[in-house]
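J.: If you scroll down you'll find the structure; I have some questions about it.
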Amino acid sequence: MKVYINKPLCTGCQHCKDVCPVAVFELRDRSDPANVNVDGAPAEMEWKHDIEKNVLAKWKDVQDGHNHFAEKNDGTSGGISVGVNGEACILCQACLIQCEGECIHIIDDNETEYKSIYS
Ligand code: SF4
Ligand code: SF4
């Protein structure tokens, strides 16, 4: 399985990491694109310090106990998600229904793609 994030859409909520049973995700510093753009996402989904404006408008003022768009992760949220261990994915789809930014992409061995649907 390949797992990558459309990073301009990622709020850093950390829901993906919290629900994944096989540790596919890490939250890394937004200030370091070279360390973030390592999960095989297409070029247009790489992190270039450009938060997508509709996601920013929707989440920047939401107070739900998670840091949205913070530079660094504090152990609960913040930073930006990276699919560092896609090979371990068992396609439980837990992350896909928890992703605020609707930005997780999972590609199986038959090239079938599964995308986030936040509910
Ligand atoms: S679908 Fe894969 S990446 Fe997402 S939570 Fe389940 S095992 Fe983790
Ligand atoms: S759940 Fe989605 S928006 Fe939240 S940190 Fe993970 S990839 Fe980013």
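Chain labels follow the order of the structure tokens: the first chain is A, the next B, and so on; residue numbering restarts at 1 in every chain, and ligands are counted from 1 in their shown order.
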Ligand 1: which residues are within 6 Å, counting only C-alpha atoms and all ligand atoms, as a PDB file with C-alpha atoms, in the first residue's frame?
T.:
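Saved file pocket07.pdb follows:
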```
ATOM      1  CA  VAL A  19      -6.462   6.181  14.904  1.00  0.00           C
ATOM      2  CA  CYS A  20      -3.977   4.241  12.768  1.00  0.00           C
ATOM      3  CA  PRO A  21      -3.320   0.817  14.323  1.00  0.00           C
ATOM      4  CA  VAL A  22      -0.044   0.279  12.462  1.00  0.00           C
ATOM      5  CA  VAL A  24       1.651   4.761   9.204  1.00  0.00           C
ATOM      6  CA  CYS A  89      -1.360  -0.136   5.978  1.00  0.00           C
ATOM      7  CA  ILE A  90      -4.117  -2.755   6.387  1.00  0.00           C
ATOM      8  CA  LEU A  91      -6.771  -0.543   4.747  1.00  0.00           C
ATOM      9  CA  CYS A  92      -8.956  -0.369   7.836  1.00  0.00           C
ATOM     10  CA  GLN A  93      -9.978   3.094   6.567  1.00  0.00           C
ATOM     11  CA  ALA A  94     -10.120   4.588  10.074  1.00  0.00           C
ATOM     12  CA  CYS A  95      -7.948   7.508   9.015  1.00  0.00           C
TER      13      CYS A  95
END
```
J.: Compile the contact shell of A:Val3 as a PyMOL selection string: residues with an atom at most 7 Å away, counting only C-alpha atoms, same-chain residues fewer than 6 positions apart removed.
T.: chain A and resi 83+86+105-107
J.: Please produce, as JSON lines, a per-residue contact table for chain A versus ligand 2 (criterion: any atom at most 9 Å away, only C-alpha atoms and all ligand atoms considered), showing the nearest atom pair and its distance in Å to one decimal, sorted by chain then residue number.
T.:
```
{"residue": "A:Tyr4", "atom": "CA", "partner": "ligand 2", "partner_atom_place_in_ligand_line": "7 (S)", "distance": 8.6}
{"residue": "A:Ile5", "atom": "CA", "partner": "ligand 2", "partner_atom_place_in_ligand_line": "7 (S)", "distance": 5.9}
{"residue": "A:Asn6", "atom": "CA", "partner": "ligand 2", "partner_atom_place_in_ligand_line": "7 (S)", "distance": 7.7}
{"residue": "A:Lys7", "atom": "CA", "partner": "ligand 2", "partner_atom_place_in_ligand_line": "8 (Fe)", "distance": 7.4}
{"residue": "A:Leu9", "atom": "CA", "partner": "ligand 2", "partner_atom_place_in_ligand_line": "3 (S)", "distance": 6.7}
{"residue": "A:Cys10", "atom": "CA", "partner": "ligand 2", "partner_atom_place_in_ligand_line": "8 (Fe)", "distance": 3.7}
{"residue": "A:Thr11", "atom": "CA", "partner": "ligand 2", "partner_atom_place_in_ligand_line": "3 (S)", "distance": 4.4}
{"residue": "A:Gly12", "atom": "CA", "partner": "ligand 2", "partner_atom_place_in_ligand_line": "5 (S)", "distance": 3.7}
{"residue": "A:Cys13", "atom": "CA", "partner": "ligand 2", "partner_atom_place_in_ligand_line": "4 (Fe)", "distance": 4.0}
{"residue": "A:Gln14", "atom": "CA", "partner": "ligand 2", "partner_atom_place_in_ligand_line": "5 (S)", "distance": 3.9}
{"residue": "A:His15", "atom": "CA", "partner": "ligand 2", "partner_atom_place_in_ligand_line": "1 (S)", "distance": 4.3}
{"residue": "A:Cys16", "atom": "CA", "partner": "ligand 2", "partner_atom_place_in_ligand_line": "1 (S)", "distance": 4.1}
{"residue": "A:Lys17", "atom": "CA", "partner": "ligand 2", "partner_atom_place_in_ligand_line": "6 (Fe)", "distance": 6.5}
{"residue": "A:Asp18", "atom": "CA", "partner": "ligand 2", "partner_atom_place_in_ligand_line": "1 (S)", "distance": 8.6}
{"residue": "A:Val19", "atom": "CA", "partner": "ligand 2", "partner_atom_place_in_ligand_line": "1 (S)", "distance": 9.0}
{"residue": "A:Phe25", "atom": "CA", "partner": "ligand 2", "partner_atom_place_in_ligand_line": "6 (Fe)", "distance": 7.7}
{"residue": "A:Glu26", "atom": "CA", "partner": "ligand 2", "partner_atom_place_in_ligand_line": "5 (S)", "distance": 8.8}
{"residue": "A:Leu27", "atom": "CA", "partner": "ligand 2", "partner_atom_place_in_ligand_line": "5 (S)", "distance": 7.1}
{"residue": "A:His68", "atom": "CA", "partner": "ligand 2", "partner_atom_place_in_ligand_line": "4 (Fe)", "distance": 8.7}
{"residue": "A:Ser77", "atom": "CA", "partner": "ligand 2", "partner_atom_place_in_ligand_line": "5 (S)", "distance": 7.4}
{"residue": "A:Gly78", "atom": "CA", "partner": "ligand 2", "partner_atom_place_in_ligand_line": "5 (S)", "distance": 7.6}
{"residue": "A:Gly79", "atom": "CA", "partner": "ligand 2", "partner_atom_place_in_ligand_line": "5 (S)", "distance": 7.8}
{"residue": "A:Ile80", "atom": "CA", "partner": "ligand 2", "partner_atom_place_in_ligand_line": "5 (S)", "distance": 6.0}
{"residue": "A:Ser81", "atom": "CA", "partner": "ligand 2", "partner_atom_place_in_ligand_line": "5 (S)", "distance": 4.9}
{"residue": "A:Val82", "atom": "CA", "partner": "ligand 2", "partner_atom_place_in_ligand_line": "7 (S)", "distance": 7.5}
{"residue": "A:Gly83", "atom": "CA", "partner": "ligand 2", "partner_atom_place_in_ligand_line": "7 (S)", "distance": 8.6}
{"residue": "A:Cys95", "atom": "CA", "partner": "ligand 2", "partner_atom_place_in_ligand_line": "1 (S)", "distance": 6.4}
{"residue": "A:Leu96", "atom": "CA", "partner": "ligand 2", "partner_atom_place_in_ligand_line": "1 (S)", "distance": 7.7}
{"residue": "A:Ile97", "atom": "CA", "partner": "ligand 2", "partner_atom_place_in_ligand_line": "1 (S)", "distance": 8.6}
{"residue": "A:Gln98", "atom": "CA", "partner": "ligand 2", "partner_atom_place_in_ligand_line": "1 (S)", "distance": 5.8}
{"residue": "A:Cys99", "atom": "CA", "partner": "ligand 2", "partner_atom_place_in_ligand_line": "1 (S)", "distance": 3.5}
{"residue": "A:Glu100", "atom": "CA", "partner": "ligand 2", "partner_atom_place_in_ligand_line": "3 (S)", "distance": 4.5}
{"residue": "A:Gly101", "atom": "CA", "partner": "ligand 2", "partner_atom_place_in_ligand_line": "3 (S)", "distance": 4.1}
{"residue": "A:Glu102", "atom": "CA", "partner": "ligand 2", "partner_atom_place_in_ligand_line": "2 (Fe)", "distance": 6.0}
{"residue": "A:Cys103", "atom": "CA", "partner": "ligand 2", "partner_atom_place_in_ligand_line": "2 (Fe)", "distance": 5.6}
{"residue": "A:Ile104", "atom": "CA", "partner": "ligand 2", "partner_atom_place_in_ligand_line": "7 (S)", "distance": 5.5}
{"residue": "A:Ser116", "atom": "CA", "partner": "ligand 2", "partner_atom_place_in_ligand_line": "2 (Fe)", "distance": 7.9}
{"residue": "A:Tyr118", "atom": "CA", "partner": "ligand 2", "partner_atom_place_in_ligand_line": "2 (Fe)", "distance": 9.0}
```
J.: Go ahead and save the picked residues with N, CA and C atoms, as a short mmCIF file (atom, residue, chain, number, x, y, z; two decimals), in the first residue's frame.
T.:
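Result written to out.cif:
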```
data_model
loop_
_atom_site.label_atom_id
_atom_site.label_comp_id
_atom_site.auth_asym_id
_atom_site.auth_seq_id
_atom_site.Cartn_x
_atom_site.Cartn_y
_atom_site.Cartn_z
N TYR A 4 -0.07 8.57 1.06
CA TYR A 4 0.52 9.90 1.05
C TYR A 4 -0.54 10.96 1.34
N ILE A 5 -0.04 12.14 1.70
CA ILE A 5 -0.91 13.24 2.13
C ILE A 5 -0.85 14.37 1.11
N ASN A 6 -2.03 14.92 0.79
CA ASN A 6 -2.09 16.17 0.02
C ASN A 6 -1.81 17.30 1.01
N LYS A 7 -0.56 17.67 1.15
CA LYS A 7 -0.11 18.45 2.30
C LYS A 7 -0.65 19.88 2.41
N LEU A 9 -3.51 20.67 2.24
CA LEU A 9 -4.81 20.51 2.87
C LEU A 9 -4.73 20.04 4.32
N CYS A 10 -3.57 19.65 4.77
CA CYS A 10 -3.45 19.03 6.10
C CYS A 10 -3.50 20.08 7.20
N THR A 11 -4.41 19.89 8.18
CA THR A 11 -4.53 20.84 9.29
C THR A 11 -3.55 20.54 10.42
N GLY A 12 -3.00 19.33 10.43
CA GLY A 12 -2.14 18.92 11.54
C GLY A 12 -2.93 18.45 12.75
N CYS A 13 -4.18 18.06 12.56
CA CYS A 13 -5.05 17.67 13.69
C CYS A 13 -4.57 16.41 14.39
N GLN A 14 -3.82 15.58 13.69
CA GLN A 14 -3.24 14.34 14.21
C GLN A 14 -4.25 13.20 14.34
N HIS A 15 -5.46 13.38 13.86
CA HIS A 15 -6.42 12.28 13.95
C HIS A 15 -5.90 11.02 13.26
N CYS A 16 -5.24 11.20 12.13
CA CYS A 16 -4.73 10.05 11.37
C CYS A 16 -3.78 9.22 12.21
N LYS A 17 -2.83 9.88 12.84
CA LYS A 17 -1.86 9.17 13.68
C LYS A 17 -2.55 8.51 14.87
N ASP A 18 -3.51 9.20 15.45
CA ASP A 18 -4.18 8.68 16.65
C ASP A 18 -4.99 7.43 16.37
N VAL A 19 -5.58 7.33 15.17
CA VAL A 19 -6.46 6.18 14.90
C VAL A 19 -5.77 5.04 14.17
N PHE A 25 1.56 7.04 10.13
CA PHE A 25 1.75 8.50 10.03
C PHE A 25 2.71 9.04 11.08
N GLU A 26 3.44 10.10 10.66
CA GLU A 26 4.20 10.93 11.59
C GLU A 26 3.83 12.37 11.31
N LEU A 27 3.83 13.19 12.37
CA LEU A 27 3.60 14.63 12.22
C LEU A 27 4.94 15.32 12.30
N HIS A 68 -4.38 23.68 15.03
CA HIS A 68 -4.52 23.66 13.57
C HIS A 68 -3.45 24.55 12.95
N SER A 77 -1.01 17.31 18.59
CA SER A 77 -1.38 17.84 17.27
C SER A 77 -0.33 18.85 16.85
N GLY A 78 -0.50 19.38 15.64
CA GLY A 78 0.46 20.33 15.11
C GLY A 78 1.44 19.68 14.16
N GLY A 79 2.09 20.52 13.35
CA GLY A 79 2.94 20.00 12.28
C GLY A 79 2.08 19.56 11.10
N ILE A 80 2.66 18.69 10.29
CA ILE A 80 1.96 18.24 9.08
C ILE A 80 2.19 16.74 8.96
N SER A 81 1.15 16.04 8.49
CA SER A 81 1.22 14.58 8.47
C SER A 81 2.01 14.06 7.27
N VAL A 82 2.78 13.01 7.52
CA VAL A 82 3.57 12.36 6.49
C VAL A 82 3.29 10.85 6.57
N GLY A 83 3.04 10.23 5.43
CA GLY A 83 2.81 8.79 5.39
C GLY A 83 4.14 8.05 5.33
N CYS A 95 -8.47 6.16 9.26
CA CYS A 95 -7.95 7.51 9.02
C CYS A 95 -8.80 8.26 8.00
N LEU A 96 -9.33 7.53 7.03
CA LEU A 96 -10.05 8.19 5.93
C LEU A 96 -11.31 8.90 6.40
N ILE A 97 -11.94 8.40 7.45
CA ILE A 97 -13.16 9.05 7.94
C ILE A 97 -12.87 10.05 9.05
N GLN A 98 -11.62 10.18 9.47
CA GLN A 98 -11.26 11.10 10.56
C GLN A 98 -10.47 12.30 10.07
N CYS A 99 -10.14 12.36 8.81
CA CYS A 99 -9.20 13.37 8.31
C CYS A 99 -9.90 14.69 8.02
N GLU A 100 -9.61 15.69 8.85
CA GLU A 100 -10.25 17.01 8.72
C GLU A 100 -10.01 17.63 7.34
N GLY A 101 -8.79 17.48 6.85
CA GLY A 101 -8.44 18.12 5.58
C GLY A 101 -8.83 17.31 4.36
N GLU A 102 -9.41 16.10 4.57
CA GLU A 102 -9.77 15.20 3.46
C GLU A 102 -8.58 15.06 2.50
N CYS A 103 -7.43 14.77 3.09
CA CYS A 103 -6.21 14.84 2.29
C CYS A 103 -5.37 13.57 2.29
N ILE A 104 -5.90 12.46 2.81
CA ILE A 104 -5.15 11.20 2.80
C ILE A 104 -5.51 10.42 1.54
N SER A 116 -9.80 10.29 1.55
CA SER A 116 -10.48 10.72 2.77
C SER A 116 -11.88 11.23 2.48
N TYR A 118 -14.36 13.07 5.19
CA TYR A 118 -14.59 13.46 6.59
C TYR A 118 -16.06 13.51 6.87
#
```
J.: Can you list every residue in chain A that DSSP puts in strand (DSSP E or B), as a PyMOL selection string?
T.: chain A and resi 2-5+25-28+80-83+104-107+113-115
J.: Using backbone DSSP assignments, extract all helix (DSSP H, G or I) residues from chain A; output them as a list in words.
T.: Lys7, Pro8, Leu9, His15, Cys16, Lys17, Asp18, Val19, Pro33, Ala34, Asn35, Val36, Ala43, Glu44, Met45, Lys53, Asn54, Val55, Leu56, Ala57, Lys58, Trp59, Gly86, Glu87, Ala88, Cys95, Leu96 and Ile97 of chain A
J.: Which of these, A:Asp32, A:Glu44, A:Asp39, A:Glu52, has the shortest distance to A:Val84 once you count only C-alpha atoms?
T.: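 Looking only at the distances to A:Val84, the closest residue turns out to be A:Asp39.
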J.: What is the distance between atom CA of A:Ser31 and atom CA of A:Asp74, in Å to one decimal?
T.: 14.5 Å
J.: To one decimal place, how far is atom CA of A:Gly40 from atom CA of A:Leu56 in Å?
T.: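 Separation between atom CA of A:Gly40 and atom CA of A:Leu56: 23.6 Å.
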J.: So what do you get for atom CA of A:Ala57 versus atom CA of A:Arg30, distance-wise?
T.: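 If I compute the distance from atom CA of A:Ala57 to atom CA of A:Arg30, I get 18.3 Å.
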J.: So which one's closest to A:Val38, A:Lys60, A:Asp50, A:Lys2, A:Lys72? Using only C-alpha atoms, please.
T.: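 Among A:Lys60, A:Asp50, A:Lys2, A:Lys72, it is A:Lys2 that comes nearest to A:Val38.
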